[in-house]
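**Student:** Input: one structure, supplied below.
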Amino acid sequence: MSSVLRIALQKSGRLSEDSYQLFKECGIRFDYGTGKLKSISSNFPAEFLFLRDDDIPGYVEDGVADLGIVGENVAVETNRQVNTIHKLGFSKCRLSIAILRGNDWSGIQDLEGKNIATSYPNLLGTYLASQGVTANIHEISGSVEIAPSIGLAEAVCDIVSSGSTLLSNGLKEVETIFRSEAILIARPELPAEKQTLVDKLLFRIKAVQVAKN
Ligand code: ATP
Ligand code: ZN
């Protein structure tokens, strides 16, 4: 049986449109947005799976998918055994610490002993440890920005792109701890015939990127 690459993409969110567009520009056709959870390409040996972004590294590690597109922030936070094979240049954002706008800031040591709300406890924990700061990390899965104004935490650590969400929640960005963009990840041990398909795909992706620059 000839092999088919299984590629996991975010179903709907800030990675989706550019991920779909990338394959379109590579000349790989498939249906999406129909509510279906998977779709087979009509002109390339690939099957696409539409998932929540947080689940993609785990599916790729387990070999349910051969490839996936996620933000580097999610790839690092989930800490799965996957290979980053290419940086894609879209969905650029940063993970930053923010505090209430009226509060003073003299440096990361201000957070010693404080409470910080985040959806990225591993990335934040690693950063604080590297700075020699001990703080209480509270993991929250959504609406992190409201934590300071309701007294749940003195600071947040969250994804920022324009900063408008921080502003509208009365927060100011004080320290960037991680910079992210979309990446293509692969399962650790690809069979040779799938690796050949990955090489073909990478060749097309690089050609698309060169044409854009
Ligand atoms: P899902 O429902 O799939 O779990 P989500 O709400 O967790 O989605 P999104 O907000 O769609 O995730 O963000 C997906 C990824 O896009 C993030 O992990 C990050 O890498 C990147 N991202 C997040 N916010 C922005 C932004 N404002 N601008 C650009 N990229 C962003
Ligand atoms: Zn998510």
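Each chain of the structure tokens is named A, B, ... in the order shown, its residues numbered from 1; ligands are numbered from 1 in display order.
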Return as an mmCIF file with C-alpha atoms, in the first residue's frame the full set of residues in chain A whose backbone-based DSSP assignment is strand (DSSP E).

**Tutor:**
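Here's the written file result07.cif:
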data_model
loop_
_atom_site.group_PDB
_atom_site.id
_atom_site.type_symbol
_atom_site.label_atom_id
_atom_site.label_comp_id
_atom_site.auth_asym_id
_atom_site.auth_seq_id
_atom_site.Cartn_x
_atom_site.Cartn_y
_atom_site.Cartn_z
ATOM 1 C CA LEU A 5 1.129 11.629 5.189
ATOM 2 C CA ARG A 6 -1.196 12.522 8.033
ATOM 3 C CA ILE A 7 -0.984 16.222 8.800
ATOM 4 C CA ALA A 8 -2.606 17.808 11.864
ATOM 5 C CA LEU A 9 -3.793 21.410 11.543
ATOM 6 C CA GLN A 10 -5.661 23.688 13.941
ATOM 7 C CA LYS A 38 -10.459 14.996 8.391
ATOM 8 C CA SER A 39 -10.008 15.480 4.695
ATOM 9 C CA ILE A 40 -7.990 13.686 2.029
ATOM 10 C CA ALA A 46 -1.863 13.524 2.390
ATOM 11 C CA GLU A 47 -4.721 13.339 4.845
ATOM 12 C CA PHE A 48 -5.462 16.389 7.004
ATOM 13 C CA LEU A 49 -6.756 16.176 10.573
ATOM 14 C CA PHE A 50 -8.441 19.232 12.110
ATOM 15 C CA LEU A 51 -7.763 19.501 15.843
ATOM 16 C CA LEU A 67 3.287 16.205 10.798
ATOM 17 C CA GLY A 68 1.573 19.120 12.483
ATOM 18 C CA ILE A 69 1.525 22.899 12.507
ATOM 19 C CA VAL A 70 1.551 24.595 15.926
ATOM 20 C CA GLY A 71 2.893 27.717 17.581
ATOM 21 C CA ASN A 83 11.075 17.371 15.823
ATOM 22 C CA THR A 84 10.783 20.954 14.644
ATOM 23 C CA ILE A 85 11.490 20.641 10.937
ATOM 24 C CA HIS A 86 10.689 24.105 9.647
ATOM 25 C CA LYS A 87 9.763 27.605 10.794
ATOM 26 C CA CYS A 93 3.421 36.535 18.801
ATOM 27 C CA ARG A 94 5.235 36.807 22.119
ATOM 28 C CA LEU A 95 4.670 35.496 25.613
ATOM 29 C CA SER A 96 4.979 38.379 28.050
ATOM 30 C CA ILE A 97 4.544 39.266 31.678
ATOM 31 C CA ALA A 98 2.099 42.090 32.366
ATOM 32 C CA ILE A 99 1.053 43.916 35.524
ATOM 33 C CA LEU A 100 -1.589 46.512 36.407
ATOM 34 C CA ASN A 115 1.067 35.254 42.246
ATOM 35 C CA ILE A 116 1.168 35.003 38.455
ATOM 36 C CA ALA A 117 -1.738 33.721 36.343
ATOM 37 C CA THR A 118 -0.896 31.982 33.042
ATOM 38 C CA ASN A 136 3.370 31.158 42.722
ATOM 39 C CA ILE A 137 2.190 30.130 39.271
ATOM 40 C CA HIS A 138 -1.577 29.779 38.887
ATOM 41 C CA GLU A 139 -2.596 27.901 35.789
ATOM 42 C CA ALA A 155 0.753 39.616 37.311
ATOM 43 C CA VAL A 156 -0.110 37.571 34.226
ATOM 44 C CA CYS A 157 2.004 35.815 31.642
ATOM 45 C CA ASP A 158 0.149 35.642 28.362
ATOM 46 C CA ILE A 159 0.336 35.770 24.571
ATOM 47 C CA VAL A 160 0.584 39.283 23.146
ATOM 48 C CA LEU A 171 -2.441 46.005 32.081
ATOM 49 C CA LYS A 172 1.021 46.947 30.831
ATOM 50 C CA GLU A 173 3.590 44.605 29.322
ATOM 51 C CA VAL A 174 6.814 44.604 31.353
ATOM 52 C CA GLU A 175 8.884 41.649 30.183
ATOM 53 C CA THR A 176 8.895 39.345 27.140
ATOM 54 C CA ILE A 177 9.852 35.777 28.025
ATOM 55 C CA PHE A 178 9.399 33.941 24.699
ATOM 56 C CA ARG A 179 8.942 34.764 20.992
ATOM 57 C CA SER A 180 6.886 32.437 18.848
ATOM 58 C CA ALA A 182 4.135 28.792 13.590
ATOM 59 C CA ILE A 183 6.352 25.728 13.074
ATOM 60 C CA LEU A 184 6.076 22.446 11.249
ATOM 61 C CA ILE A 185 6.668 19.523 13.610
ATOM 62 C CA ALA A 186 7.234 15.877 12.751
#

**Student:** Taking a cut-off of 6 Å and counting only C-alpha atoms and all ligand atoms, can you build a table that, for each residue of chain A near ligand 1, reports the nearest atom pair and how far apart they are in Å (one decimal), sorted by chain then residue number, as a Markdown table?

**Tutor:**
| residue | atom | partner | partner_atom_place_in_ligand_line | distance |
| --- | --- | --- | --- | --- |
| A:Gln10 | CA | ligand 1 | 3 (O) | 5.4 |
| A:Gly13 | CA | ligand 1 | 11 (O) | 3.3 |
| A:Arg14 | CA | ligand 1 | 11 (O) | 3.8 |
| A:Leu15 | CA | ligand 1 | 16 (O) | 5.1 |
| A:Arg52 | CA | ligand 1 | 3 (O) | 3.5 |
| A:Asp53 | CA | ligand 1 | 3 (O) | 4.1 |
| A:Asp54 | CA | ligand 1 | 4 (O) | 5.5 |
| A:Gly71 | CA | ligand 1 | 20 (O) | 3.5 |
| A:Asn73 | CA | ligand 1 | 20 (O) | 5.6 |
| A:Val74 | CA | ligand 1 | 18 (O) | 5.5 |
| A:Ser91 | CA | ligand 1 | 30 (N) | 3.6 |
| A:Lys92 | CA | ligand 1 | 29 (C) | 4.8 |
| A:Cys93 | CA | ligand 1 | 30 (N) | 4.9 |
| A:Ile159 | CA | ligand 1 | 24 (N) | 5.8 |
| A:Val160 | CA | ligand 1 | 27 (N) | 5.9 |
| A:Ser161 | CA | ligand 1 | 27 (N) | 4.5 |
| A:Glu181 | CA | ligand 1 | 20 (O) | 6.0 |

**Student:** Write the residues you've just listed into a file as a tab-separated table (two decimals), in the first residue's frame, and include C-alpha atoms for each of them.

**Tutor:**
chain	number	residue	atom	x	y	z
A	10	GLN	CA	-5.66	23.69	13.94
A	13	GLY	CA	-8.09	29.69	15.34
A	14	ARG	CA	-5.14	31.96	14.76
A	15	LEU	CA	-3.08	29.32	12.98
A	52	ARG	CA	-7.34	21.90	18.78
A	53	ASP	CA	-3.81	23.25	18.61
A	54	ASP	CA	-2.94	22.08	22.14
A	71	GLY	CA	2.89	27.72	17.58
A	73	ASN	CA	4.84	28.36	22.37
A	74	VAL	CA	2.55	25.32	22.38
A	91	SER	CA	1.20	33.55	13.68
A	92	LYS	CA	4.01	35.55	15.22
A	93	CYS	CA	3.42	36.54	18.80
A	159	ILE	CA	0.34	35.77	24.57
A	160	VAL	CA	0.58	39.28	23.15
A	161	SER	CA	0.59	40.43	19.55
A	181	GLU	CA	5.84	31.71	15.29

**Student:** At what distance in Å, to one decimal, does CA of Leu88 (chain A) lie from CA of Lys24 (chain A)?

**Tutor:**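 Distance reported for this atom pair: 14.3 Å.
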
**Student:** For ligand 2, which residue out of A:Gly35, A:Gly89, A:Ser141, A:Pro45 is the nearest one, using only C-alpha atoms and all ligand atoms?

**Tutor:**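 For ligand 2, the nearest of the candidates is A:Ser141.
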
**Student:** List every residue of region 37-148 of chain A that DSSP, applied to the backbone of this structure, assigns to helix (DSSP H, G or I), and report them as a ChimeraX atom specification.

**Tutor:** /A:53-62,72-78,108-111,121-130,144-146

**Student:** Which residue, A:Ser2, A:Asp62, A:Asn122, A:Gly142, has the smallest gap to ligand 2 when you use only C-alpha atoms and all ligand atoms?

**Tutor:**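 Checking each of A:Ser2, A:Asp62, A:Asn122, A:Gly142 against ligand 2, counting only C-alpha atoms and all ligand atoms, the winner is A:Gly142.
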
**Student:** Using only C-alpha atoms and all ligand atoms, which of the listed residues (A:Glu77, A:Glu112, A:Asp18, A:Glu193) sits closest to ligand 2?

**Tutor:**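 Of A:Glu77, A:Glu112, A:Asp18, A:Glu193, the one nearest ligand 2, counting only C-alpha atoms and all ligand atoms, is A:Glu77.
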
**Student:** Pick from A:Cys26, A:Leu37, A:Ala153, A:Ile140: nearest to Tyr120 (chain A), with only C-alpha atoms counted?

**Tutor:** A:Ile140

**Student:** Please determine, counting only C-alpha atoms and all ligand atoms, which residue among A:Glu145, A:Glu25, A:Asp55, A:Asp31 has the shortest atom-to-atom distance to ligand 2.

**Tutor:**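 Once distances to ligand 2 are computed over only C-alpha atoms and all ligand atoms, the minimum belongs to A:Asp55.
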
**Student:** Could you work out how far CA of Ser119 (chain A) lies from CA of Val144 (chain A), giving the answer in Å with one decimal?

**Tutor:** 7.3 Å
